[in-house]
file model-v9.cif (mmCIF, C-alpha atoms)
data_run
#
loop_
_atom_site.label_atom_id
_atom_site.label_comp_id
_atom_site.auth_asym_id
_atom_site.auth_seq_id
_atom_site.Cartn_x
_atom_site.Cartn_y
_atom_site.Cartn_z
CA MET H 1032 74.94 124.38 83.29
CA THR H 1033 76.67 124.59 79.97
CA LEU H 1034 80.26 123.55 80.21
CA ARG H 1035 82.90 124.56 77.71
CA ALA H 1036 85.97 122.42 77.22
CA ARG H 1037 89.29 123.16 75.58
CA ILE H 1038 91.36 120.24 74.43
CA SER H 1039 94.83 120.29 72.95
CA VAL H 1040 95.81 117.14 71.08
CA PRO H 1041 98.00 116.77 67.98
CA LYS H 1042 96.11 115.85 64.79
CA THR H 1043 98.78 113.62 63.30
CA VAL H 1044 101.57 111.77 65.10
CA ALA H 1045 104.20 109.14 64.30
CA ALA H 1046 103.13 105.60 65.19
CA GLY H 1047 104.27 104.63 68.68
CA SER H 1048 104.94 108.15 69.84
CA VAL H 1049 103.91 109.37 73.27
CA VAL H 1050 101.65 112.41 72.92
CA THR H 1051 100.70 115.02 75.48
CA ILE H 1052 96.99 115.77 75.83
CA LYS H 1053 95.87 118.93 77.64
CA THR H 1054 92.28 119.48 78.77
CA LEU H 1055 90.53 122.37 80.48
CA ILE H 1056 86.83 122.61 81.28
CA THR H 1057 84.79 125.46 82.76
CA HIS H 1058 83.39 124.39 86.12
CA LYS H 1059 83.29 126.17 89.48
CA MET H 1060 84.18 123.01 91.46
CA GLU H 1061 82.15 124.27 94.43
CA THR H 1062 83.73 122.58 97.44
CA GLY H 1063 80.72 122.36 99.77
CA PHE H 1064 82.81 124.00 102.51
CA ARG H 1065 81.74 127.57 101.77
CA ARG H 1066 78.76 129.58 102.99
CA ASP H 1067 76.87 132.27 101.10
CA ALA H 1068 76.17 135.83 102.30
CA MET H 1069 73.16 134.55 104.27
CA GLY H 1070 75.26 131.98 106.09
CA GLU H 1071 73.73 129.07 104.22
CA ALA H 1072 76.08 126.30 103.21
CA ILE H 1073 76.67 126.29 99.46
CA PRO H 1074 76.10 122.72 98.33
CA ARG H 1075 78.97 120.78 96.82
CA ASP H 1076 78.96 120.82 93.02
CA ILE H 1077 82.03 119.27 91.44
CA LEU H 1078 83.10 117.22 88.47
CA LYS H 1079 83.80 113.83 90.01
CA ARG H 1080 85.31 111.86 87.17
CA PHE H 1081 87.22 112.43 83.95
CA GLU H 1082 87.86 109.72 81.36
CA CYS H 1083 89.72 109.69 78.07
CA ARG H 1084 89.26 106.77 75.67
CA LEU H 1085 90.73 105.91 72.29
CA ASP H 1086 88.17 103.97 70.23
CA GLY H 1087 86.55 102.82 73.46
CA ALA H 1088 89.72 101.73 75.25
CA LEU H 1089 90.47 103.66 78.44
CA VAL H 1090 93.57 105.81 78.06
CA PHE H 1091 93.48 107.88 81.25
CA ALA H 1092 91.03 108.53 84.09
CA ALA H 1093 90.94 110.84 87.09
CA ASP H 1094 88.82 110.85 90.25
CA LEU H 1095 88.47 114.51 91.15
CA GLN H 1096 87.85 115.92 94.64
CA PRO H 1097 87.03 119.41 95.98
CA GLY H 1098 90.79 119.98 96.26
CA ILE H 1099 91.00 120.35 92.49
CA ALA H 1100 90.91 124.02 91.46
CA ALA H 1101 87.97 125.58 89.60
CA ASN H 1102 88.01 125.00 85.85
CA PRO H 1103 89.78 121.65 86.15
CA TYR H 1104 92.93 121.41 84.09
CA LEU H 1105 94.49 118.05 83.32
CA THR H 1106 97.53 117.18 81.26
CA PHE H 1107 98.44 113.55 80.67
CA GLN H 1108 100.22 111.39 78.15
CA THR H 1109 99.41 108.42 75.99
CA ARG H 1110 101.20 106.25 73.48
CA ILE H 1111 99.48 106.28 70.08
CA GLU H 1112 100.02 103.13 68.00
CA ARG H 1113 97.17 103.73 65.54
CA GLY H 1114 94.77 106.51 64.78
CA GLY H 1115 91.20 106.71 65.99
CA GLN H 1116 88.69 108.75 67.89
CA LEU H 1117 89.60 110.18 71.27
CA GLU H 1118 86.62 110.61 73.57
CA PHE H 1119 86.70 112.89 76.60
CA VAL H 1120 83.97 112.63 79.25
CA TRP H 1121 83.57 114.65 82.46
CA THR H 1122 80.88 113.51 84.93
CA ASP H 1123 79.51 115.58 87.83
CA LEU H 1124 78.05 114.46 91.18
CA ASN H 1125 74.57 114.13 89.64
CA GLY H 1126 75.83 111.87 86.89
CA GLU H 1127 75.52 114.57 84.23
CA ARG H 1128 78.12 114.19 81.53
CA HIS H 1129 79.96 116.52 79.19
CA ARG H 1130 81.43 114.74 76.17
CA GLU H 1131 83.91 115.84 73.49
CA THR H 1132 85.63 113.92 70.71
CA ARG H 1133 88.78 114.54 68.66
CA GLU H 1134 90.28 112.57 65.82
CA ILE H 1135 93.92 111.59 65.88
CA SER H 1136 95.74 109.95 62.99
CA VAL H 1137 99.06 108.24 62.52
CA ALA H 1138 101.42 109.41 59.79
CA GLY H 1139 103.01 107.00 57.31
CA MET X 237 84.01 137.67 95.11
CA SER X 238 86.84 138.25 97.58
CA ILE X 239 85.75 141.88 98.05
CA HIS X 240 82.33 140.62 98.93
CA ARG X 241 83.80 138.22 101.40
CA ARG X 242 85.98 140.88 102.94
CA SER X 243 83.11 143.30 103.50
CA LEU X 244 81.10 140.47 104.96
CA LEU X 245 83.95 139.58 107.29
CA SER X 246 84.38 143.09 108.59
CA ALA X 247 80.63 143.48 108.99
CA THR X 248 80.27 140.35 111.04
CA GLY X 249 83.48 140.73 112.99
CA ALA X 250 86.18 138.77 111.31
CA TRP X 251 87.85 137.77 114.55
CA LEU X 252 84.80 135.98 115.86
CA VAL X 253 84.76 134.03 112.65
CA LEU X 254 88.36 133.02 113.15
CA ALA X 255 87.71 131.62 116.61
CA PRO X 256 86.26 128.28 115.46
CA LEU X 257 89.56 127.57 113.75
CA SER X 258 90.98 126.17 116.95
CA LEU X 259 87.85 124.10 117.50
CA ARG X 260 88.14 122.41 114.14
CA ALA X 261 89.51 118.92 114.24
CA ALA X 262 93.27 119.20 113.92
CA PRO X 263 94.44 118.05 110.48
CA ARG X 264 95.43 114.44 110.60
CA PRO X 265 99.11 113.86 109.95
CA ILE X 266 100.03 112.50 106.56
CA ALA X 267 101.24 109.23 108.10
CA ASP X 268 97.69 108.49 109.30
CA LEU X 269 96.20 109.33 105.90
CA LEU X 270 98.64 107.04 104.13
CA ARG X 271 97.96 104.22 106.57
CA GLU X 272 94.22 104.65 105.94
CA SER X 273 94.69 104.36 102.19
CA PHE X 274 97.48 101.84 101.92
CA GLY X 275 97.54 99.97 105.24
CA ALA X 276 100.91 99.10 106.69
CA ARG X 277 102.50 98.67 103.27
CA ASP X 278 105.98 100.05 102.77
CA ILE X 279 106.08 103.36 100.87
CA ARG X 280 109.52 104.28 99.56
CA ASP X 281 110.44 107.91 98.91
CA GLU X 282 111.82 107.40 95.42
CA ARG X 283 110.86 107.36 91.73
CA VAL X 284 108.13 110.01 92.16
CA ALA X 285 108.91 113.62 91.25
CA LEU X 286 106.33 116.12 92.48
CA SER X 287 106.73 119.70 91.40
CA MET X 288 104.87 122.77 92.64
CA PRO X 289 105.88 126.42 92.90
CA ALA X 290 107.88 127.12 96.09
CA LEU X 291 105.58 130.07 96.73
CA ALA X 292 101.91 130.31 95.76
CA GLU X 293 100.22 133.68 96.08
CA ASN X 294 96.80 132.13 95.82
CA GLY X 295 95.95 128.77 97.37
CA ASN X 296 92.86 128.49 95.18
CA SER X 297 94.88 127.40 92.18
CA VAL X 298 98.35 125.96 92.53
CA ALA X 299 100.01 124.32 89.53
CA LEU X 300 101.17 120.78 90.25
CA GLU X 301 103.03 118.29 88.13
CA VAL X 302 103.78 114.71 89.08
CA SER X 303 105.83 112.18 87.16
CA VAL X 304 106.94 108.68 88.03
CA ASP X 305 110.12 107.08 86.79
CA SER X 306 108.68 103.94 85.17
CA PRO X 307 109.12 102.19 81.81
CA MET X 308 105.29 101.89 81.61
CA THR X 309 105.48 98.40 80.10
CA ASP X 310 103.01 95.57 80.70
CA ALA X 311 105.49 94.09 83.20
CA ASP X 312 106.31 97.31 85.05
CA HIS X 313 103.96 100.27 85.14
CA VAL X 314 102.15 102.77 87.34
CA ARG X 315 98.50 101.97 88.00
CA GLU X 316 97.45 104.93 90.10
CA ILE X 317 98.77 108.21 91.45
CA HIS X 318 97.15 109.58 94.61
CA LEU X 319 97.63 113.20 95.72
CA PHE X 320 97.30 114.17 99.40
CA ALA X 321 97.33 117.59 101.11
CA GLU X 322 97.18 116.89 104.84
CA LYS X 323 96.04 120.37 105.89
CA ASN X 324 93.06 120.48 103.51
CA PRO X 325 89.61 119.72 104.94
CA GLU X 326 89.50 116.83 102.50
CA PRO X 327 93.12 115.71 102.13
CA LEU X 328 92.72 113.49 99.07
CA LEU X 329 92.97 115.89 96.10
CA ALA X 330 92.70 113.44 93.23
CA ARG X 331 93.45 109.95 92.02
CA PHE X 332 94.81 109.35 88.50
CA HIS X 333 94.49 106.03 86.69
CA LEU X 334 97.23 105.07 84.25
CA SER X 335 98.18 102.01 82.19
CA PRO X 336 100.95 100.80 79.86
CA ALA X 337 99.07 102.72 77.14
CA SER X 338 100.06 105.92 78.93
CA GLY X 339 103.59 105.50 77.61
CA SER X 340 104.84 107.89 80.26
CA ALA X 341 103.62 108.47 83.82
CA SER X 342 103.29 112.22 83.92
CA VAL X 343 100.23 114.25 84.94
CA ALA X 344 99.70 117.96 85.56
CA THR X 345 96.76 119.74 87.17
CA ARG X 346 95.90 122.67 89.49
CA VAL X 347 94.96 122.16 93.11
CA ARG X 348 93.56 124.07 96.08
CA LEU X 349 95.72 124.36 99.18
CA ALA X 350 94.18 125.46 102.48
CA ASP X 351 97.54 126.37 103.98
CA THR X 352 101.30 126.20 103.58
CA GLN X 353 102.01 122.50 103.51
CA THR X 354 103.73 119.50 102.00
CA VAL X 355 101.78 117.69 99.30
CA VAL X 356 102.46 113.98 98.89
CA ALA X 357 102.02 111.97 95.70
CA VAL X 358 101.86 108.19 96.06
CA ALA X 359 102.25 105.94 93.02
CA THR X 360 100.87 102.40 93.14
CA MET X 361 102.67 100.06 90.77
CA ASN X 362 101.21 97.04 88.96
CA ASP X 363 103.17 94.69 91.25
CA GLY X 364 101.84 96.38 94.39
CA ARG X 365 104.91 98.43 95.24
CA LEU X 366 104.33 101.97 96.50
CA PHE X 367 106.52 105.00 95.83
CA ALA X 368 106.09 108.57 97.07
CA GLY X 369 107.28 112.06 96.24
CA ARG X 370 106.79 115.25 98.24
CA ALA X 371 106.82 118.99 97.60
CA GLU X 372 106.25 121.95 99.91
CA THR X 373 104.51 125.14 98.86
CA ILE X 374 104.25 128.30 100.92
CA VAL X 375 100.75 129.67 100.46
CA THR X 376 100.46 133.40 101.15
CA GLU X 377 96.72 133.71 100.54
CA ALA X 378 95.18 130.43 101.54
CA ALA X 379 92.11 128.87 100.05
CA CYS X 380 91.49 128.53 103.80
CA LEU X 381 89.17 131.55 103.95
CA ASP X 382 86.73 129.55 101.90
CA PHE X 383 86.49 126.99 104.62
CA LEU X 384 86.08 129.46 107.48
CA ILE X 385 83.22 131.67 106.44
#
call {"tool": "encode", "arguments": {"input": "model-v9.cif", "output": "C-alpha coordinates"}}
result
Amino acid sequence: MTLRARISVPKTVAAGSVVTIKTLITHKMETGFRRDAMGEAIPRDILKRFECRLDGALVFAADLQPGIAANPYLTFQTRIERGGQLEFVWTDLNGERHRETREISVAG
Amino acid sequence: MSIHRRSLLSATGAWLVLAPLSLRAAPRPIADLLRESFGARDIRDERVALSMPALAENGNSVALEVSVDSPMTDADHVREIHLFAEKNPEPLLARFHLSPASGSASVATRVRLADTQTVVAVATMNDGRLFAGRAETIVTEAACLDFLI
(Lines of atoms letter the chains of each structure in order from A and count residues from 1; the text may use other names and numbers.)
(Lines give C-alpha, C1' and ligand atoms only; values in the text may rest on other atoms or scores of the structure.)
Protein backbone atom coordinates (compact mmCIF):
# COMPACT_ATOMS: atom_id res chain seq x y z
CA MET A 1 0.00 0.00 0.00
CA THR A 2 1.26 3.42 -0.89
CA LEU A 3 1.40 5.67 2.11
CA ARG A 4 1.40 9.44 1.89
CA ALA A 5 2.92 11.49 4.66
CA ARG A 6 2.59 15.15 5.52
CA ILE A 7 5.28 16.70 7.63
CA SER A 8 5.43 20.20 9.02
CA VAL A 9 8.86 21.35 10.14
CA PRO A 10 10.42 24.83 9.96
CA LYS A 11 13.17 25.22 7.33
CA THR A 12 15.36 27.59 9.31
CA VAL A 13 15.49 28.07 13.08
CA ALA A 14 17.66 29.88 15.63
CA ALA A 15 20.35 27.68 17.18
CA GLY A 16 19.15 26.09 20.41
CA SER A 17 15.48 26.70 19.79
CA VAL A 18 12.85 24.07 20.50
CA VAL A 19 10.87 23.36 17.33
CA THR A 20 7.52 21.67 16.91
CA ILE A 21 7.34 18.90 14.32
CA LYS A 22 3.95 17.69 13.08
CA THR A 23 3.51 14.47 11.12
CA LEU A 24 0.50 12.79 9.54
CA ILE A 25 0.50 9.62 7.47
CA THR A 26 -2.30 7.87 5.59
CA HIS A 27 -2.91 4.45 7.14
CA LYS A 28 -6.13 2.70 8.14
CA MET A 29 -4.67 1.34 11.42
CA GLU A 30 -6.92 -1.72 11.19
CA THR A 31 -7.35 -2.86 14.79
CA GLY A 32 -7.86 -6.60 14.27
CA PHE A 33 -11.01 -6.39 16.42
CA ARG A 34 -13.43 -5.85 13.54
CA ARG A 35 -15.25 -8.34 11.31
CA ASP A 36 -16.19 -7.89 7.66
CA ALA A 37 -19.68 -8.30 6.16
CA MET A 38 -19.12 -12.08 5.95
CA GLY A 39 -18.27 -12.29 9.63
CA GLU A 40 -14.60 -12.95 8.99
CA ALA A 41 -12.16 -11.24 11.30
CA ILE A 42 -10.30 -8.44 9.52
CA PRO A 43 -6.62 -9.02 10.26
CA ARG A 44 -4.71 -6.41 12.21
CA ASP A 45 -2.76 -4.02 9.99
CA ILE A 46 -1.16 -1.13 11.84
CA LEU A 47 1.92 1.03 11.83
CA LYS A 48 3.83 -0.24 14.84
CA ARG A 49 6.70 2.19 15.16
CA PHE A 50 7.58 5.77 14.27
CA GLU A 51 11.08 7.21 14.52
CA CYS A 52 12.50 10.65 13.85
CA ARG A 53 16.27 11.12 13.60
CA LEU A 54 18.50 14.13 13.03
CA ASP A 55 21.63 13.07 11.12
CA GLY A 56 21.19 9.56 12.49
CA ALA A 57 20.63 10.51 16.13
CA LEU A 58 17.23 9.52 17.51
CA VAL A 59 15.10 12.57 18.26
CA PHE A 60 11.73 10.99 19.03
CA ALA A 61 10.12 7.55 18.75
CA ALA A 62 6.65 6.15 19.28
CA ASP A 63 5.35 2.60 19.72
CA LEU A 64 1.88 2.66 18.21
CA GLN A 65 -1.01 0.34 19.13
CA PRO A 66 -4.49 -0.27 17.65
CA GLY A 67 -5.75 2.47 19.99
CA ILE A 68 -4.14 5.09 17.77
CA ALA A 69 -6.66 6.56 15.32
CA ALA A 70 -6.50 5.93 11.56
CA ASN A 71 -4.07 8.19 9.70
CA PRO A 72 -1.72 8.50 12.68
CA TYR A 73 -0.99 12.06 13.67
CA LEU A 74 1.96 12.88 15.89
CA THR A 75 3.25 16.21 17.11
CA PHE A 76 6.44 16.38 19.15
CA GLN A 77 9.25 18.77 19.91
CA THR A 78 13.00 18.81 19.60
CA ARG A 79 15.82 21.19 20.38
CA ILE A 80 17.85 22.07 17.28
CA GLU A 81 21.48 23.02 17.98
CA ARG A 82 22.74 22.61 14.41
CA GLY A 83 21.21 21.98 11.04
CA GLY A 84 21.03 18.64 9.31
CA GLN A 85 18.75 16.07 7.76
CA LEU A 86 15.65 14.96 9.61
CA GLU A 87 14.60 11.42 8.78
CA PHE A 88 11.10 10.12 9.46
CA VAL A 89 10.40 6.37 9.34
CA TRP A 90 7.11 4.54 9.93
CA THR A 91 7.24 0.73 10.17
CA ASP A 92 4.23 -1.61 9.93
CA LEU A 93 3.68 -5.07 11.45
CA ASN A 94 5.34 -6.75 8.46
CA GLY A 95 8.45 -4.63 8.80
CA GLU A 96 7.62 -2.53 5.74
CA ARG A 97 8.91 1.00 6.07
CA HIS A 98 7.86 4.39 4.78
CA ARG A 99 10.67 6.95 4.86
CA GLU A 100 10.72 10.73 4.40
CA THR A 101 13.48 13.28 4.86
CA ARG A 102 13.49 17.06 5.43
CA GLU A 103 16.36 19.48 5.73
CA ILE A 104 16.54 21.89 8.63
CA SER A 105 19.10 24.66 8.95
CA VAL A 106 20.21 26.99 11.68
CA ALA A 107 20.25 30.74 11.08
CA GLY A 108 23.29 32.89 11.86
CA MET B 1 -18.81 2.46 6.22
CA SER B 2 -21.06 3.13 9.20
CA ILE B 3 -24.16 2.91 6.98
CA HIS B 4 -22.98 -0.47 5.88
CA ARG B 5 -22.50 -1.53 9.44
CA ARG B 6 -25.90 -0.25 10.45
CA SER B 7 -27.74 -2.13 7.71
CA LEU B 8 -25.78 -5.22 8.63
CA LEU B 9 -26.73 -4.80 12.27
CA SER B 10 -30.42 -4.45 11.57
CA ALA B 11 -30.32 -7.38 9.17
CA THR B 12 -28.70 -9.69 11.65
CA GLY B 13 -30.58 -8.46 14.69
CA ALA B 14 -28.52 -5.87 16.44
CA TRP B 15 -29.65 -6.92 19.90
CA LEU B 16 -28.33 -10.43 19.54
CA VAL B 17 -25.01 -8.91 18.62
CA LEU B 18 -25.04 -6.81 21.74
CA ALA B 19 -25.56 -9.81 24.01
CA PRO B 20 -21.91 -10.96 24.04
CA LEU B 21 -21.00 -7.62 25.55
CA SER B 22 -21.73 -8.92 29.02
CA LEU B 23 -19.74 -12.08 28.31
CA ARG B 24 -16.63 -10.16 27.38
CA ALA B 25 -13.99 -10.05 30.05
CA ALA B 26 -14.70 -7.01 32.18
CA PRO B 27 -12.16 -4.25 31.53
CA ARG B 28 -9.36 -4.48 34.02
CA PRO B 29 -9.16 -1.49 36.33
CA ILE B 30 -6.42 1.00 35.64
CA ALA B 31 -4.68 0.13 38.92
CA ASP B 32 -4.09 -3.41 37.66
CA LEU B 33 -2.77 -2.18 34.32
CA LEU B 34 -0.35 0.19 36.01
CA ARG B 35 0.86 -2.53 38.36
CA GLU B 36 1.46 -4.80 35.35
CA SER B 37 3.58 -2.15 33.62
CA PHE B 38 5.35 -0.53 36.53
CA GLY B 39 5.18 -3.04 39.40
CA ALA B 40 4.58 -1.67 42.87
CA ARG B 41 6.45 1.57 42.14
CA ASP B 42 4.96 4.78 43.45
CA ILE B 43 3.16 6.85 40.79
CA ARG B 44 2.49 10.43 41.83
CA ASP B 45 -0.37 12.40 40.27
CA GLU B 46 1.64 15.49 39.41
CA ARG B 47 3.75 17.09 36.68
CA VAL B 48 1.78 15.45 33.84
CA ALA B 49 -0.90 17.47 32.05
CA LEU B 50 -3.20 15.39 29.85
CA SER B 51 -5.70 17.23 27.73
CA MET B 52 -8.60 15.82 25.72
CA PRO B 53 -11.97 17.28 24.74
CA ALA B 54 -14.55 16.92 27.54
CA LEU B 55 -16.96 15.53 24.96
CA ALA B 56 -16.02 13.49 21.89
CA GLU B 57 -18.73 12.85 19.32
CA ASN B 58 -16.71 10.11 17.69
CA GLY B 59 -14.56 7.71 19.68
CA ASN B 60 -12.67 6.73 16.54
CA SER B 61 -10.54 9.85 16.66
CA VAL B 62 -10.10 11.85 19.84
CA ALA B 63 -7.45 14.56 20.00
CA LEU B 64 -5.06 14.11 22.90
CA GLU B 65 -2.19 16.22 24.12
CA VAL B 66 0.19 15.31 26.91
CA SER B 67 2.95 17.42 28.39
CA VAL B 68 5.24 16.85 31.33
CA ASP B 69 6.69 19.59 33.48
CA SER B 70 10.40 18.79 33.15
CA PRO B 71 13.54 20.81 32.35
CA MET B 72 14.55 18.04 29.88
CA THR B 73 18.22 18.29 30.85
CA ASP B 74 20.69 15.40 30.98
CA ALA B 75 20.21 15.30 34.76
CA ASP B 76 16.41 15.52 34.78
CA HIS B 77 14.29 14.45 31.84
CA VAL B 78 11.36 12.33 30.71
CA ARG B 79 12.31 9.02 29.10
CA GLU B 80 8.91 7.64 28.17
CA ILE B 81 5.25 8.55 28.20
CA HIS B 82 2.73 5.69 28.30
CA LEU B 83 -0.96 6.22 27.47
CA PHE B 84 -3.63 3.89 28.91
CA ALA B 85 -7.38 3.67 28.23
CA GLU B 86 -8.71 1.04 30.63
CA LYS B 87 -11.98 0.37 28.78
CA ASN B 88 -10.33 -0.30 25.41
CA PRO B 89 -9.85 -3.93 24.36
CA GLU B 90 -6.14 -3.17 24.30
CA PRO B 91 -5.62 -0.54 27.00
CA LEU B 92 -2.10 0.56 26.06
CA LEU B 93 -2.62 3.19 23.34
CA ALA B 94 0.98 4.21 22.70
CA ARG B 95 4.39 4.68 24.20
CA PHE B 96 6.50 7.76 23.36
CA HIS B 97 10.27 7.86 23.73
CA LEU B 98 11.88 11.19 24.59
CA SER B 99 15.35 12.45 25.52
CA PRO B 100 17.10 15.67 26.58
CA ALA B 101 17.23 16.46 22.84
CA SER B 102 13.45 16.83 22.95
CA GLY B 103 13.89 20.17 24.69
CA SER B 104 10.30 20.00 25.86
CA ALA B 105 8.17 17.00 26.84
CA SER B 106 5.03 17.60 24.83
CA VAL B 107 3.33 15.19 22.44
CA ALA B 108 -0.01 15.30 20.62
CA THR B 109 -1.85 12.54 18.76
CA ARG B 110 -5.35 11.16 18.10
CA VAL B 111 -6.64 8.06 19.83
CA ARG B 112 -9.56 5.62 19.69
CA LEU B 113 -11.78 5.33 22.74
CA ALA B 114 -14.15 2.38 23.11
CA ASP B 115 -16.26 4.14 25.71
CA THR B 116 -16.55 7.13 28.02
CA GLN B 117 -13.54 6.79 30.26
CA THR B 118 -10.54 8.29 31.98
CA VAL B 119 -7.29 8.12 30.04
CA VAL B 120 -4.08 7.98 32.07
CA ALA B 121 -0.67 9.18 30.94
CA VAL B 122 2.34 7.92 32.89
CA ALA B 123 5.74 9.58 32.50
CA THR B 124 8.87 7.64 33.40
CA MET B 125 11.76 9.89 34.36
CA ASN B 126 15.47 9.22 33.84
CA ASP B 127 15.91 8.67 37.60
CA GLY B 128 13.10 6.11 37.71
CA ARG B 129 10.41 8.34 39.20
CA LEU B 130 6.89 7.97 37.81
CA PHE B 131 4.34 10.74 37.37
CA ALA B 132 0.78 10.50 36.05
CA GLY B 133 -1.91 12.75 34.63
CA ARG B 134 -5.54 11.90 33.90
CA ALA B 135 -8.35 13.22 31.72
CA GLU B 136 -11.92 12.06 31.22
CA THR B 137 -13.75 12.21 27.91
CA ILE B 138 -17.43 11.48 27.39
CA VAL B 139 -17.75 9.52 24.16
CA THR B 140 -21.17 9.77 22.53
CA GLU B 141 -20.48 7.47 19.59
CA ALA B 142 -18.00 4.91 20.77
CA ALA B 143 -15.39 3.20 18.67
CA CYS B 144 -16.96 0.31 20.60
CA LEU B 145 -19.16 -0.77 17.69
CA ASP B 146 -16.01 -1.77 15.90
CA PHE B 147 -15.24 -4.28 18.57
CA LEU B 148 -18.72 -5.79 18.74
CA ILE B 149 -19.55 -6.71 15.19
call {"tool": "closest_residue", "arguments": {"input": "model-v9.cif", "among": "X:Gly295, X:Gly364, X:Gly369, X:Pro307", "to": "chain H", "atoms": "all atoms listed in the file"}}
result
X:Gly295
call {"tool": "closest_residue", "arguments": {"input": "model-v9.cif", "among": "X:Asp363, X:Asp351, X:Glu301, X:Asp310", "to": "chain H", "atoms": "all atoms listed in the file"}}
result
X:Glu301
call {"tool": "resolve_selection", "arguments": {"input": "model-v9.cif", "expression": "the PyMOL selection byres ((chain H) within 8 of (chain X))", "output": "tab-separated table (two decimals) with C-alpha atoms, in the coordinates of the input"}}
result
chain	number	residue	atom	x	y	z
H	1049	VAL	CA	103.91	109.37	73.27
H	1064	PHE	CA	82.81	124.00	102.51
H	1065	ARG	CA	81.74	127.57	101.77
H	1066	ARG	CA	78.76	129.58	102.99
H	1068	ALA	CA	76.17	135.83	102.30
H	1070	GLY	CA	75.26	131.98	106.09
H	1090	VAL	CA	93.57	105.81	78.06
H	1091	PHE	CA	93.48	107.88	81.25
H	1092	ALA	CA	91.03	108.53	84.09
H	1093	ALA	CA	90.94	110.84	87.09
H	1094	ASP	CA	88.82	110.85	90.25
H	1095	LEU	CA	88.47	114.51	91.15
H	1096	GLN	CA	87.85	115.92	94.64
H	1097	PRO	CA	87.03	119.41	95.98
H	1098	GLY	CA	90.79	119.98	96.26
H	1099	ILE	CA	91.00	120.35	92.49
H	1100	ALA	CA	90.91	124.02	91.46
H	1101	ALA	CA	87.97	125.58	89.60
H	1103	PRO	CA	89.78	121.65	86.15
H	1104	TYR	CA	92.93	121.41	84.09
H	1105	LEU	CA	94.49	118.05	83.32
H	1106	THR	CA	97.53	117.18	81.26
H	1107	PHE	CA	98.44	113.55	80.67
H	1108	GLN	CA	100.22	111.39	78.15
H	1109	THR	CA	99.41	108.42	75.99
H	1110	ARG	CA	101.20	106.25	73.48
H	1111	ILE	CA	99.48	106.28	70.08
call {"tool": "atom_distance", "arguments": {"input": "model-v9.cif", "atom1": "atom CA of H:Arg1128", "atom2": "atom CA of H:Leu1078"}}
result
9.1 Å
call {"tool": "residues_around", "arguments": {"input": "model-v9.cif", "residues": "X:Ala290", "least_positions_apart": "5", "cutoff": "9 Å", "atoms": "only C-alpha atoms", "output": "ChimeraX atom specification"}}
result
/X:371-375
call {"tool": "resolve_selection", "arguments": {"input": "model-v9.cif", "expression": "the PyMOL selection byres ((chain H and resi 1136) around 8)", "output": "PDB file with C-alpha atoms, keeping the file's coordinate frame"}}
result
ATOM      1  CA  LYS H1042      96.110 115.850  64.790  1.00  0.00           C
ATOM      2  CA  THR H1043      98.780 113.620  63.300  1.00  0.00           C
ATOM      3  CA  VAL H1044     101.570 111.770  65.100  1.00  0.00           C
ATOM      4  CA  ARG H1113      97.170 103.730  65.540  1.00  0.00           C
ATOM      5  CA  GLY H1114      94.770 106.510  64.780  1.00  0.00           C
ATOM      6  CA  GLY H1115      91.200 106.710  65.990  1.00  0.00           C
ATOM      7  CA  GLU H1134      90.280 112.570  65.820  1.00  0.00           C
ATOM      8  CA  ILE H1135      93.920 111.590  65.880  1.00  0.00           C
ATOM      9  CA  VAL H1137      99.060 108.240  62.520  1.00  0.00           C
ATOM     10  CA  ALA H1138     101.420 109.410  59.790  1.00  0.00           C
TER      11      ALA H1138
END
call {"tool": "atom_distance", "arguments": {"input": "model-v9.cif", "atom1": "atom CA of X:Ala311", "atom2": "atom CA of X:Asp281"}}
result
21.5 Å
call {"tool": "atom_distance", "arguments": {"input": "model-v9.cif", "atom1": "atom CA of H:Trp1121", "atom2": "atom CA of H:Ile1056"}}
result
8.7 Å
call {"tool": "resolve_selection", "arguments": {"input": "model-v9.cif", "expression": "the PyMOL selection byres ((chain H and resi 1119) around 8)", "output": "list in words"}}
result
Phe1081, Glu1082, Cys1083, Arg1084, Leu1117, Glu1118, Val1120, Trp1121, Arg1130, Glu1131 and Thr1132 of chain H
call {"tool": "residues_around", "arguments": {"input": "model-v9.cif", "residues": "X:Ile266", "least_positions_apart": "4", "cutoff": "12 Å", "atoms": "only C-alpha atoms", "output": "count of residues only"}}
result
21
call {"tool": "residues_around", "arguments": {"input": "model-v9.cif", "residues": "H:Ala1036", "least_positions_apart": "2", "cutoff": "8 Å", "atoms": "all atoms listed in the file", "output": "list of chain:residue names"}}
result
H:Leu1034, H:Ile1038, H:Thr1054, H:Leu1055, H:Ile1056, H:Thr1057, H:Glu1131
